[in-house]
>>> print(open('work.pdb').read())   # PDB, C-alpha atoms
ATOM      1  CA  MET A   7     -32.469  55.858-285.371  1.00  0.00           C
ATOM      2  CA  ASN A   8     -33.465  55.724-289.010  1.00  0.00           C
ATOM      3  CA  LEU A   9     -36.391  53.362-289.426  1.00  0.00           C
ATOM      4  CA  PHE A  10     -35.106  51.908-292.688  1.00  0.00           C
ATOM      5  CA  ALA A  11     -31.692  51.082-291.222  1.00  0.00           C
ATOM      6  CA  VAL A  12     -31.253  47.541-289.931  1.00  0.00           C
ATOM      7  CA  ALA A  13     -27.806  47.350-288.426  1.00  0.00           C
ATOM      8  CA  HIS A  14     -27.117  43.649-288.279  1.00  0.00           C
ATOM      9  CA  ALA A  15     -28.285  40.218-289.305  1.00  0.00           C
ATOM     10  CA  LEU A  16     -31.396  39.199-287.418  1.00  0.00           C
ATOM     11  CA  THR A  17     -31.628  36.030-285.430  1.00  0.00           C
ATOM     12  CA  ALA A  18     -34.828  37.078-283.666  1.00  0.00           C
ATOM     13  CA  GLU A  19     -37.429  39.769-284.121  1.00  0.00           C
ATOM     14  CA  LEU A  20     -36.204  43.209-283.173  1.00  0.00           C
ATOM     15  CA  VAL A  21     -38.504  45.637-281.353  1.00  0.00           C
ATOM     16  CA  ASP A  22     -37.672  49.315-280.762  1.00  0.00           C
ATOM     17  CA  ALA A  23     -39.923  51.591-278.765  1.00  0.00           C
ATOM     18  CA  LEU A  24     -40.193  54.942-280.549  1.00  0.00           C
ATOM     19  CA  LEU A  25     -42.818  56.648-278.398  1.00  0.00           C
ATOM     20  CA  SER A  26     -44.466  55.671-275.155  1.00  0.00           C
ATOM     21  CA  ARG A  27     -47.314  57.739-273.739  1.00  0.00           C
ATOM     22  CA  PRO A  28     -50.398  56.983-271.675  1.00  0.00           C
ATOM     23  CA  GLY A  29     -52.649  55.014-274.005  1.00  0.00           C
ATOM     24  CA  LEU A  30     -50.242  55.195-276.956  1.00  0.00           C
ATOM     25  CA  ARG A  31     -47.152  53.260-277.976  1.00  0.00           C
ATOM     26  CA  ILE A  32     -45.260  53.407-281.265  1.00  0.00           C
ATOM     27  CA  GLU A  33     -42.823  50.637-282.097  1.00  0.00           C
ATOM     28  CA  ARG A  34     -40.644  49.558-284.966  1.00  0.00           C
ATOM     29  CA  ILE A  35     -40.597  45.791-285.394  1.00  0.00           C
ATOM     30  CA  VAL A  36     -38.171  44.053-287.748  1.00  0.00           C
ATOM     31  CA  SER A  37     -38.871  40.470-288.794  1.00  0.00           C
ATOM     32  CA  GLN A  38     -37.011  38.237-291.183  1.00  0.00           C
ATOM     33  CA  GLY A  39     -38.715  34.911-291.708  1.00  0.00           C
ATOM     34  CA  GLN A  40     -40.445  34.906-288.313  1.00  0.00           C
ATOM     35  CA  ALA A  41     -44.127  34.034-288.060  1.00  0.00           C
ATOM     36  CA  SER A  42     -46.559  33.495-285.215  1.00  0.00           C
ATOM     37  CA  PRO A  43     -46.313  30.025-283.663  1.00  0.00           C
ATOM     38  CA  ALA A  44     -48.708  27.414-285.095  1.00  0.00           C
ATOM     39  CA  GLY A  45     -52.169  27.879-283.619  1.00  0.00           C
ATOM     40  CA  PHE A  46     -51.268  31.178-281.959  1.00  0.00           C
ATOM     41  CA  TRP A  47     -53.533  34.206-282.322  1.00  0.00           C
ATOM     42  CA  TYR A  48     -52.874  37.710-281.072  1.00  0.00           C
ATOM     43  CA  ASP A  49     -55.865  38.814-278.996  1.00  0.00           C
ATOM     44  CA  GLN A  50     -55.065  42.320-277.821  1.00  0.00           C
ATOM     45  CA  ALA A  51     -56.905  44.692-275.525  1.00  0.00           C
ATOM     46  CA  GLU A  52     -55.392  47.589-277.493  1.00  0.00           C
ATOM     47  CA  GLY A  53     -56.132  48.713-281.000  1.00  0.00           C
ATOM     48  CA  GLU A  54     -53.197  48.426-283.385  1.00  0.00           C
ATOM     49  CA  TRP A  55     -52.597  50.521-286.476  1.00  0.00           C
ATOM     50  CA  VAL A  56     -49.822  48.834-288.424  1.00  0.00           C
ATOM     51  CA  LEU A  57     -47.854  49.813-291.532  1.00  0.00           C
ATOM     52  CA  VAL A  58     -45.320  47.803-293.521  1.00  0.00           C
ATOM     53  CA  LEU A  59     -42.348  50.031-294.377  1.00  0.00           C
ATOM     54  CA  ALA A  60     -40.250  47.400-296.169  1.00  0.00           C
ATOM     55  CA  GLY A  61     -40.289  43.695-296.963  1.00  0.00           C
ATOM     56  CA  ALA A  62     -43.359  41.486-297.221  1.00  0.00           C
ATOM     57  CA  ALA A  63     -45.678  39.694-294.823  1.00  0.00           C
ATOM     58  CA  ARG A  64     -48.889  37.704-294.732  1.00  0.00           C
ATOM     59  CA  LEU A  65     -51.236  38.698-291.950  1.00  0.00           C
ATOM     60  CA  ARG A  66     -54.309  36.605-291.217  1.00  0.00           C
ATOM     61  CA  PHE A  67     -57.487  37.401-289.329  1.00  0.00           C
ATOM     62  CA  GLU A  68     -59.361  34.536-287.717  1.00  0.00           C
ATOM     63  CA  ASP A  69     -62.601  35.908-289.180  1.00  0.00           C
ATOM     64  CA  GLU A  70     -61.340  35.958-292.792  1.00  0.00           C
ATOM     65  CA  PRO A  71     -60.675  32.940-294.996  1.00  0.00           C
ATOM     66  CA  ASP A  72     -57.506  34.226-296.636  1.00  0.00           C
ATOM     67  CA  ALA A  73     -54.377  35.899-295.370  1.00  0.00           C
ATOM     68  CA  ARG A  74     -53.629  39.414-296.561  1.00  0.00           C
ATOM     69  CA  LEU A  75     -50.347  39.963-298.351  1.00  0.00           C
ATOM     70  CA  LEU A  76     -48.773  43.228-297.244  1.00  0.00           C
ATOM     71  CA  GLY A  77     -45.886  45.098-298.845  1.00  0.00           C
ATOM     72  CA  PRO A  78     -44.274  48.511-298.412  1.00  0.00           C
ATOM     73  CA  GLY A  79     -46.879  51.224-297.816  1.00  0.00           C
ATOM     74  CA  ASP A  80     -49.691  48.803-296.932  1.00  0.00           C
ATOM     75  CA  TRP A  81     -51.379  49.423-293.601  1.00  0.00           C
ATOM     76  CA  LEU A  82     -54.395  48.340-291.616  1.00  0.00           C
ATOM     77  CA  ASP A  83     -56.150  49.043-288.380  1.00  0.00           C
ATOM     78  CA  ILE A  84     -56.679  46.036-286.142  1.00  0.00           C
ATOM     79  CA  ALA A  85     -59.556  46.494-283.697  1.00  0.00           C
ATOM     80  CA  PRO A  86     -59.085  45.416-280.077  1.00  0.00           C
ATOM     81  CA  ARG A  87     -59.804  41.710-279.630  1.00  0.00           C
ATOM     82  CA  ARG A  88     -59.811  40.973-283.340  1.00  0.00           C
ATOM     83  CA  ARG A  89     -57.786  37.796-283.444  1.00  0.00           C
ATOM     84  CA  HIS A  90     -54.954  37.781-285.939  1.00  0.00           C
ATOM     85  CA  ARG A  91     -51.599  36.216-286.618  1.00  0.00           C
ATOM     86  CA  VAL A  92     -48.590  36.658-288.857  1.00  0.00           C
ATOM     87  CA  ASP A  93     -48.547  33.653-291.191  1.00  0.00           C
ATOM     88  CA  TRP A  94     -45.327  34.561-292.941  1.00  0.00           C
ATOM     89  CA  THR A  95     -42.620  37.156-293.337  1.00  0.00           C
ATOM     90  CA  ASP A  96     -40.139  37.169-296.179  1.00  0.00           C
ATOM     91  CA  PRO A  97     -37.063  35.155-295.163  1.00  0.00           C
ATOM     92  CA  ALA A  98     -34.888  36.903-297.762  1.00  0.00           C
ATOM     93  CA  VAL A  99     -35.137  40.507-296.590  1.00  0.00           C
ATOM     94  CA  PRO A 100     -36.034  42.337-293.377  1.00  0.00           C
ATOM     95  CA  THR A 101     -39.691  43.198-293.025  1.00  0.00           C
ATOM     96  CA  ILE A 102     -39.983  46.508-291.197  1.00  0.00           C
ATOM     97  CA  TRP A 103     -43.276  47.257-289.430  1.00  0.00           C
ATOM     98  CA  LEU A 104     -44.422  50.435-287.791  1.00  0.00           C
ATOM     99  CA  ALA A 105     -46.992  49.620-285.112  1.00  0.00           C
ATOM    100  CA  VAL A 106     -49.113  52.178-283.265  1.00  0.00           C
ATOM    101  CA  TYR A 107     -50.876  50.627-280.251  1.00  0.00           C
ATOM    102  CA  TYR A 108     -53.664  52.688-278.741  1.00  0.00           C
ATOM    103  CA  HIS A 109     -56.400  52.544-276.128  1.00  0.00           C
TER     104      HIS A 109
ATOM    105  CA  MET B  17     -54.655  53.184-299.997  1.00  0.00           C
ATOM    106  CA  ASN B  18     -50.964  52.406-300.259  1.00  0.00           C
ATOM    107  CA  LEU B  19     -48.970  55.092-298.494  1.00  0.00           C
ATOM    108  CA  PHE B  20     -46.219  55.168-301.095  1.00  0.00           C
ATOM    109  CA  ALA B  21     -48.650  55.647-303.968  1.00  0.00           C
ATOM    110  CA  VAL B  22     -49.234  59.240-305.061  1.00  0.00           C
ATOM    111  CA  ALA B  23     -51.854  59.157-307.751  1.00  0.00           C
ATOM    112  CA  HIS B  24     -51.482  62.480-309.493  1.00  0.00           C
ATOM    113  CA  ALA B  25     -49.366  65.583-309.802  1.00  0.00           C
ATOM    114  CA  LEU B  26     -49.676  67.767-306.747  1.00  0.00           C
ATOM    115  CA  THR B  27     -50.705  71.377-306.901  1.00  0.00           C
ATOM    116  CA  ALA B  28     -51.276  71.630-303.155  1.00  0.00           C
ATOM    117  CA  GLU B  29     -50.455  69.549-300.123  1.00  0.00           C
ATOM    118  CA  LEU B  30     -52.512  66.391-299.875  1.00  0.00           C
ATOM    119  CA  VAL B  31     -53.792  65.182-296.498  1.00  0.00           C
ATOM    120  CA  ASP B  32     -55.414  61.792-295.934  1.00  0.00           C
ATOM    121  CA  ALA B  33     -56.839  60.761-292.582  1.00  0.00           C
ATOM    122  CA  LEU B  34     -55.858  57.158-291.850  1.00  0.00           C
ATOM    123  CA  LEU B  35     -57.149  56.800-288.309  1.00  0.00           C
ATOM    124  CA  SER B  36     -59.243  59.050-286.130  1.00  0.00           C
ATOM    125  CA  ARG B  37     -59.867  58.175-282.475  1.00  0.00           C
ATOM    126  CA  PRO B  38     -60.397  60.164-279.302  1.00  0.00           C
ATOM    127  CA  GLY B  39     -57.011  61.748-278.603  1.00  0.00           C
ATOM    128  CA  LEU B  40     -55.322  60.162-281.626  1.00  0.00           C
ATOM    129  CA  ARG B  41     -55.160  60.992-285.330  1.00  0.00           C
ATOM    130  CA  ILE B  42     -52.947  59.437-287.986  1.00  0.00           C
ATOM    131  CA  GLU B  43     -52.536  61.223-291.298  1.00  0.00           C
ATOM    132  CA  ARG B  44     -50.554  60.896-294.475  1.00  0.00           C
ATOM    133  CA  ILE B  45     -49.376  64.241-295.807  1.00  0.00           C
ATOM    134  CA  VAL B  46     -47.823  64.620-299.256  1.00  0.00           C
ATOM    135  CA  SER B  47     -45.841  67.755-300.036  1.00  0.00           C
ATOM    136  CA  GLN B  48     -43.926  68.699-303.143  1.00  0.00           C
ATOM    137  CA  GLY B  49     -42.099  71.972-302.790  1.00  0.00           C
ATOM    138  CA  GLN B  50     -44.494  73.397-300.197  1.00  0.00           C
ATOM    139  CA  ALA B  51     -43.139  75.058-297.064  1.00  0.00           C
ATOM    140  CA  SER B  52     -44.668  76.949-294.171  1.00  0.00           C
ATOM    141  CA  PRO B  53     -45.432  80.590-294.998  1.00  0.00           C
ATOM    142  CA  ALA B  54     -42.691  83.088-294.081  1.00  0.00           C
ATOM    143  CA  GLY B  55     -42.794  83.839-290.362  1.00  0.00           C
ATOM    144  CA  PHE B  56     -45.336  81.111-289.641  1.00  0.00           C
ATOM    145  CA  TRP B  57     -44.775  78.653-286.782  1.00  0.00           C
ATOM    146  CA  TYR B  58     -46.897  75.659-285.919  1.00  0.00           C
ATOM    147  CA  ASP B  59     -47.863  75.900-282.245  1.00  0.00           C
ATOM    148  CA  GLN B  60     -49.965  72.857-281.523  1.00  0.00           C
ATOM    149  CA  ALA B  61     -51.819  71.746-278.422  1.00  0.00           C
ATOM    150  CA  GLU B  62     -51.258  68.140-279.511  1.00  0.00           C
ATOM    151  CA  GLY B  63     -48.050  66.163-279.567  1.00  0.00           C
ATOM    152  CA  GLU B  64     -46.962  65.081-283.041  1.00  0.00           C
ATOM    153  CA  TRP B  65     -44.843  62.060-283.876  1.00  0.00           C
ATOM    154  CA  VAL B  66     -43.800  62.434-287.491  1.00  0.00           C
ATOM    155  CA  LEU B  67     -41.954  60.161-289.919  1.00  0.00           C
ATOM    156  CA  VAL B  68     -40.710  60.871-293.438  1.00  0.00           C
ATOM    157  CA  LEU B  69     -41.540  57.919-295.688  1.00  0.00           C
ATOM    158  CA  ALA B  70     -40.158  59.357-298.932  1.00  0.00           C
ATOM    159  CA  GLY B  71     -38.638  62.552-300.272  1.00  0.00           C
ATOM    160  CA  ALA B  72     -36.772  65.165-298.280  1.00  0.00           C
ATOM    161  CA  ALA B  73     -37.672  68.069-296.002  1.00  0.00           C
ATOM    162  CA  ARG B  74     -36.115  70.628-293.710  1.00  0.00           C
ATOM    163  CA  LEU B  75     -37.940  71.072-290.427  1.00  0.00           C
ATOM    164  CA  ARG B  76     -36.987  73.867-288.087  1.00  0.00           C
ATOM    165  CA  PHE B  77     -37.652  74.387-284.391  1.00  0.00           C
ATOM    166  CA  GLU B  78     -37.774  77.943-283.096  1.00  0.00           C
ATOM    167  CA  ASP B  79     -35.511  76.897-280.207  1.00  0.00           C
ATOM    168  CA  GLU B  80     -32.764  75.466-282.429  1.00  0.00           C
ATOM    169  CA  PRO B  81     -30.384  77.468-284.633  1.00  0.00           C
ATOM    170  CA  ASP B  82     -30.387  75.084-287.599  1.00  0.00           C
ATOM    171  CA  ALA B  83     -33.068  73.268-289.518  1.00  0.00           C
ATOM    172  CA  ARG B  84     -33.029  69.482-289.466  1.00  0.00           C
ATOM    173  CA  LEU B  85     -32.765  67.713-292.803  1.00  0.00           C
ATOM    174  CA  LEU B  86     -35.069  64.695-292.879  1.00  0.00           C
ATOM    175  CA  GLY B  87     -35.123  61.860-295.386  1.00  0.00           C
ATOM    176  CA  PRO B  88     -36.846  58.486-295.658  1.00  0.00           C
ATOM    177  CA  GLY B  89     -36.962  56.705-292.299  1.00  0.00           C
ATOM    178  CA  ASP B  90     -36.190  59.821-290.225  1.00  0.00           C
ATOM    179  CA  TRP B  91     -38.674  60.632-287.494  1.00  0.00           C
ATOM    180  CA  LEU B  92     -39.090  62.884-284.515  1.00  0.00           C
ATOM    181  CA  ASP B  93     -41.473  63.599-281.712  1.00  0.00           C
ATOM    182  CA  ILE B  94     -42.657  67.185-281.474  1.00  0.00           C
ATOM    183  CA  ALA B  95     -43.847  68.124-278.008  1.00  0.00           C
ATOM    184  CA  PRO B  96     -47.070  70.146-277.640  1.00  0.00           C
ATOM    185  CA  ARG B  97     -46.404  73.882-277.990  1.00  0.00           C
ATOM    186  CA  ARG B  98     -42.903  73.414-279.362  1.00  0.00           C
ATOM    187  CA  ARG B  99     -42.924  75.907-282.189  1.00  0.00           C
ATOM    188  CA  HIS B 100     -41.743  74.535-285.501  1.00  0.00           C
ATOM    189  CA  ARG B 101     -42.067  75.070-289.225  1.00  0.00           C
ATOM    190  CA  VAL B 102     -41.301  73.340-292.492  1.00  0.00           C
ATOM    191  CA  ASP B 103     -38.576  75.400-294.176  1.00  0.00           C
ATOM    192  CA  TRP B 104     -38.416  73.333-297.339  1.00  0.00           C
ATOM    193  CA  THR B 105     -39.629  70.224-299.082  1.00  0.00           C
ATOM    194  CA  ASP B 106     -38.021  68.821-302.189  1.00  0.00           C
ATOM    195  CA  PRO B 107     -39.679  70.340-305.272  1.00  0.00           C
ATOM    196  CA  ALA B 108     -38.542  67.461-307.500  1.00  0.00           C
ATOM    197  CA  VAL B 109     -40.273  64.527-305.800  1.00  0.00           C
ATOM    198  CA  PRO B 110     -43.201  64.006-303.436  1.00  0.00           C
ATOM    199  CA  THR B 111     -42.306  64.103-299.760  1.00  0.00           C
ATOM    200  CA  ILE B 112     -44.547  61.664-297.918  1.00  0.00           C
ATOM    201  CA  TRP B 113     -45.040  62.212-294.190  1.00  0.00           C
ATOM    202  CA  LEU B 114     -46.758  60.008-291.655  1.00  0.00           C
ATOM    203  CA  ALA B 115     -48.016  62.130-288.781  1.00  0.00           C
ATOM    204  CA  VAL B 116     -49.419  60.784-285.507  1.00  0.00           C
ATOM    205  CA  TYR B 117     -51.136  63.511-283.475  1.00  0.00           C
ATOM    206  CA  TYR B 118     -51.874  62.665-279.868  1.00  0.00           C
ATOM    207  CA  HIS B 119     -53.122  64.183-276.626  1.00  0.00           C
TER     208      HIS B 119
END
>>> encode(input="work.pdb", output="C-alpha cells")
Amino acid sequence: MNLFAVAHALTAELVDALLSRPGLRIERIVSQGQASPAGFWYDQAEGEWVLVLAGAARLRFEDEPDARLLGPGDWLDIAPRRRHRVDWTDPAVPTIWLAVYYH
Amino acid sequence: MNLFAVAHALTAELVDALLSRPGLRIERIVSQGQASPAGFWYDQAEGEWVLVLAGAARLRFEDEPDARLLGPGDWLDIAPRRRHRVDWTDPAVPTIWLAVYYH
C-alpha cells in the first residue's frame, strides 16, 4: 500500500495498521474534515510520534492556548497523558497522518 | 524541522534523529546519489520500518533476485538480520527517508 494513495472518497476516518509489535504500532490515518468531538481530549497511556504526510490539520494541546497548524512534513511527539485533540482537518483534501505509538 | 525541507546542497548523507527512546529510534535520512559501498550489506540487530517521503531509491535484499524501486509513499519493514543494501538513490533530487528502528 502506498501511503500517499487514497483509493476512494472518505465518509469516515480510515485507519491502516502498518506495523504491530510489542510496545510499537505504526498506523496510517486518513482524515477529511473530521475533528475530535466537542469537549473530547485524547489521553493516551502510549507516547505518539505523529507526522502529517499530506493535507492540513489543527492539533491542540490542553496545556497550550493556541492550536498548532500542521502541514506536510510537520511532526511532533506527544508524551503519554498529554491531553490533545484534533480541532480541524481540511475538508477539501485528504489529510494523511503517520502515527507511531510506543510504550 | 519540517521533514520535506532540505536546507542546503548535500555532499554527504544527512541524518537527523527525531525521536530516541529505549528500543525505538526515528530518523530522517536524506540521500542524493549515495548508495551502499560495493559488496556492503546492512545486517542489523534491530528491525527497521522505512518509508520514502520524496525522491527515488533502489533497495535490494540479499535473498531476492531484483532490487525494489521505491518512490514517495512506499514503505517496507526490514526484519532484524535480513541483509539489505541501497543500490541507488536518485542523483537529481534529494531522497528523503523516514526510518523507524525498533527492538
>>> residues_near_point(input="work.pdb", point="(-41.8, 60.2, -286.8)", cutoff="8 Å", atoms="all atoms listed in the file", output="number ranges by chain")
B: 65-68, 90-93, 114-116
>>> residues_around(input="work.pdb", residues="Arg76 of chain B", least_positions_apart="2", cutoff="12 Å", atoms="all atoms listed in the file", output="MDAnalysis selection string")
chainID B and resid 51:52 55:58 73:74 78:86 92 94 98:105
>>> interface_residues(input="work.pdb", of="chain A", to="chain B", cutoff="7 Å", atoms="all atoms listed in the file", output="ChimeraX atom specification")
/A:8-10,79-80
>>> write_last_selection(input="work.pdb", atoms="C-alpha atoms", output="mmCIF file, keeping the file's coordinate frame")
data_model
loop_
_atom_site.group_PDB
_atom_site.id
_atom_site.type_symbol
_atom_site.label_atom_id
_atom_site.label_comp_id
_atom_site.auth_asym_id
_atom_site.auth_seq_id
_atom_site.Cartn_x
_atom_site.Cartn_y
_atom_site.Cartn_z
ATOM 1 C CA ASN A 8 -33.465 55.724 -289.010
ATOM 2 C CA LEU A 9 -36.391 53.362 -289.426
ATOM 3 C CA PHE A 10 -35.106 51.908 -292.688
ATOM 4 C CA GLY A 79 -46.879 51.224 -297.816
ATOM 5 C CA ASP A 80 -49.691 48.803 -296.932
#
>>> atom_distance(input="work.pdb", atom1="atom CA of Gly53 of chain A", atom2="atom CA of Trp103 of chain A")
15.4 Å
>>> atom_distance(input="work.pdb", atom1="atom CA of Asp32 of chain B", atom2="atom CA of Ile112 of chain B")
11.0 Å
>>> calpha_fit_and_write(input="work.pdb", fixed="chain B", moving="chain A", output="compact mmCIF listing (two decimals) with C-alpha atoms, keeping the file's coordinate frame")
# COMPACT_ATOMS: atom_id res chain seq x y z
CA MET A 7 -54.64 53.19 -300.01
CA ASN A 8 -50.95 52.40 -300.27
CA LEU A 9 -48.96 55.08 -298.50
CA PHE A 10 -46.21 55.15 -301.10
CA ALA A 11 -48.65 55.65 -303.98
CA VAL A 12 -49.23 59.23 -305.07
CA ALA A 13 -51.85 59.14 -307.77
CA HIS A 14 -51.46 62.48 -309.49
CA ALA A 15 -49.37 65.59 -309.81
CA LEU A 16 -49.67 67.78 -306.74
CA THR A 17 -50.70 71.38 -306.90
CA ALA A 18 -51.29 71.63 -303.15
CA GLU A 19 -50.46 69.54 -300.12
CA LEU A 20 -52.51 66.39 -299.87
CA VAL A 21 -53.79 65.18 -296.49
CA ASP A 22 -55.42 61.78 -295.92
CA ALA A 23 -56.84 60.76 -292.58
CA LEU A 24 -55.85 57.16 -291.86
CA LEU A 25 -57.15 56.80 -288.31
CA SER A 26 -59.23 59.05 -286.12
CA ARG A 27 -59.86 58.17 -282.49
CA PRO A 28 -60.39 60.17 -279.31
CA GLY A 29 -57.01 61.75 -278.61
CA LEU A 30 -55.31 60.16 -281.63
CA ARG A 31 -55.16 60.99 -285.32
CA ILE A 32 -52.95 59.44 -287.99
CA GLU A 33 -52.54 61.23 -291.29
CA ARG A 34 -50.56 60.89 -294.47
CA ILE A 35 -49.39 64.24 -295.80
CA VAL A 36 -47.82 64.61 -299.25
CA SER A 37 -45.86 67.76 -300.04
CA GLN A 38 -43.94 68.70 -303.14
CA GLY A 39 -42.11 71.98 -302.79
CA GLN A 40 -44.51 73.40 -300.19
CA ALA A 41 -43.15 75.07 -297.07
CA SER A 42 -44.67 76.96 -294.17
CA PRO A 43 -45.43 80.61 -294.98
CA ALA A 44 -42.67 83.09 -294.07
CA GLY A 45 -42.79 83.85 -290.36
CA PHE A 46 -45.32 81.11 -289.64
CA TRP A 47 -44.78 78.67 -286.78
CA TYR A 48 -46.90 75.67 -285.91
CA ASP A 49 -47.86 75.92 -282.24
CA GLN A 50 -49.97 72.86 -281.52
CA ALA A 51 -51.84 71.76 -278.42
CA GLU A 52 -51.26 68.14 -279.50
CA GLY A 53 -48.06 66.18 -279.57
CA GLU A 54 -46.96 65.09 -283.03
CA TRP A 55 -44.85 62.06 -283.88
CA VAL A 56 -43.80 62.44 -287.49
CA LEU A 57 -41.96 60.16 -289.92
CA VAL A 58 -40.70 60.87 -293.43
CA LEU A 59 -41.54 57.91 -295.68
CA ALA A 60 -40.16 59.35 -298.93
CA GLY A 61 -38.65 62.55 -300.29
CA ALA A 62 -36.78 65.17 -298.28
CA ALA A 63 -37.67 68.06 -296.01
CA ARG A 64 -36.11 70.62 -293.70
CA LEU A 65 -37.94 71.05 -290.43
CA ARG A 66 -36.98 73.87 -288.08
CA PHE A 67 -37.64 74.39 -284.39
CA GLU A 68 -37.77 77.94 -283.09
CA ASP A 69 -35.52 76.90 -280.20
CA GLU A 70 -32.75 75.48 -282.44
CA PRO A 71 -30.38 77.46 -284.64
CA ASP A 72 -30.38 75.09 -287.60
CA ALA A 73 -33.07 73.26 -289.52
CA ARG A 74 -33.03 69.47 -289.47
CA LEU A 75 -32.78 67.72 -292.81
CA LEU A 76 -35.07 64.70 -292.88
CA GLY A 77 -35.12 61.86 -295.39
CA PRO A 78 -36.85 58.48 -295.66
CA GLY A 79 -36.97 56.70 -292.30
CA ASP A 80 -36.18 59.82 -290.24
CA TRP A 81 -38.67 60.63 -287.50
CA LEU A 82 -39.08 62.88 -284.51
CA ASP A 83 -41.48 63.60 -281.72
CA ILE A 84 -42.65 67.19 -281.48
CA ALA A 85 -43.86 68.13 -278.00
CA PRO A 86 -47.06 70.15 -277.64
CA ARG A 87 -46.41 73.87 -278.00
CA ARG A 88 -42.91 73.41 -279.36
CA ARG A 89 -42.91 75.90 -282.19
CA HIS A 90 -41.74 74.54 -285.51
CA ARG A 91 -42.07 75.07 -289.23
CA VAL A 92 -41.29 73.34 -292.49
CA ASP A 93 -38.57 75.39 -294.17
CA TRP A 94 -38.41 73.33 -297.33
CA THR A 95 -39.64 70.23 -299.09
CA ASP A 96 -38.02 68.81 -302.19
CA PRO A 97 -39.68 70.34 -305.27
CA ALA A 98 -38.54 67.46 -307.49
CA VAL A 99 -40.27 64.53 -305.79
CA PRO A 100 -43.20 64.01 -303.43
CA THR A 101 -42.31 64.10 -299.77
CA ILE A 102 -44.55 61.65 -297.92
CA TRP A 103 -45.05 62.20 -294.18
CA LEU A 104 -46.76 60.00 -291.67
CA ALA A 105 -48.02 62.13 -288.78
CA VAL A 106 -49.42 60.78 -285.51
CA TYR A 107 -51.14 63.52 -283.48
CA TYR A 108 -51.87 62.66 -279.87
CA HIS A 109 -53.15 64.18 -276.64
>>> atom_distance(input="work.pdb", atom1="atom CA of Ala70 of chain B", atom2="atom CA of Ala60 of chain A")
12.3 Å
>>> axis_aligned_box(input="work.pdb", around="segment 20-25 of chain A", padding_each_side="8 Å", output="JSON")
{"center_x": -39.5, "center_y": 49.9, "center_z": -280.8, "size_x": 22.6, "size_y": 29.4, "size_z": 20.8}
>>> closest_residue(input="work.pdb", among="B:Glu29, B:Ala23, B:Gln60, B:Arg97", to="Arg44 of chain B", atoms="all atoms listed in the file")
B:Glu29
>>> resolve_selection(input="work.pdb", expression="the PyMOL selection byres ((chain A and resi 100) around 6)", output="PyMOL selection string")
chain A and resi 37-38+61+99+101
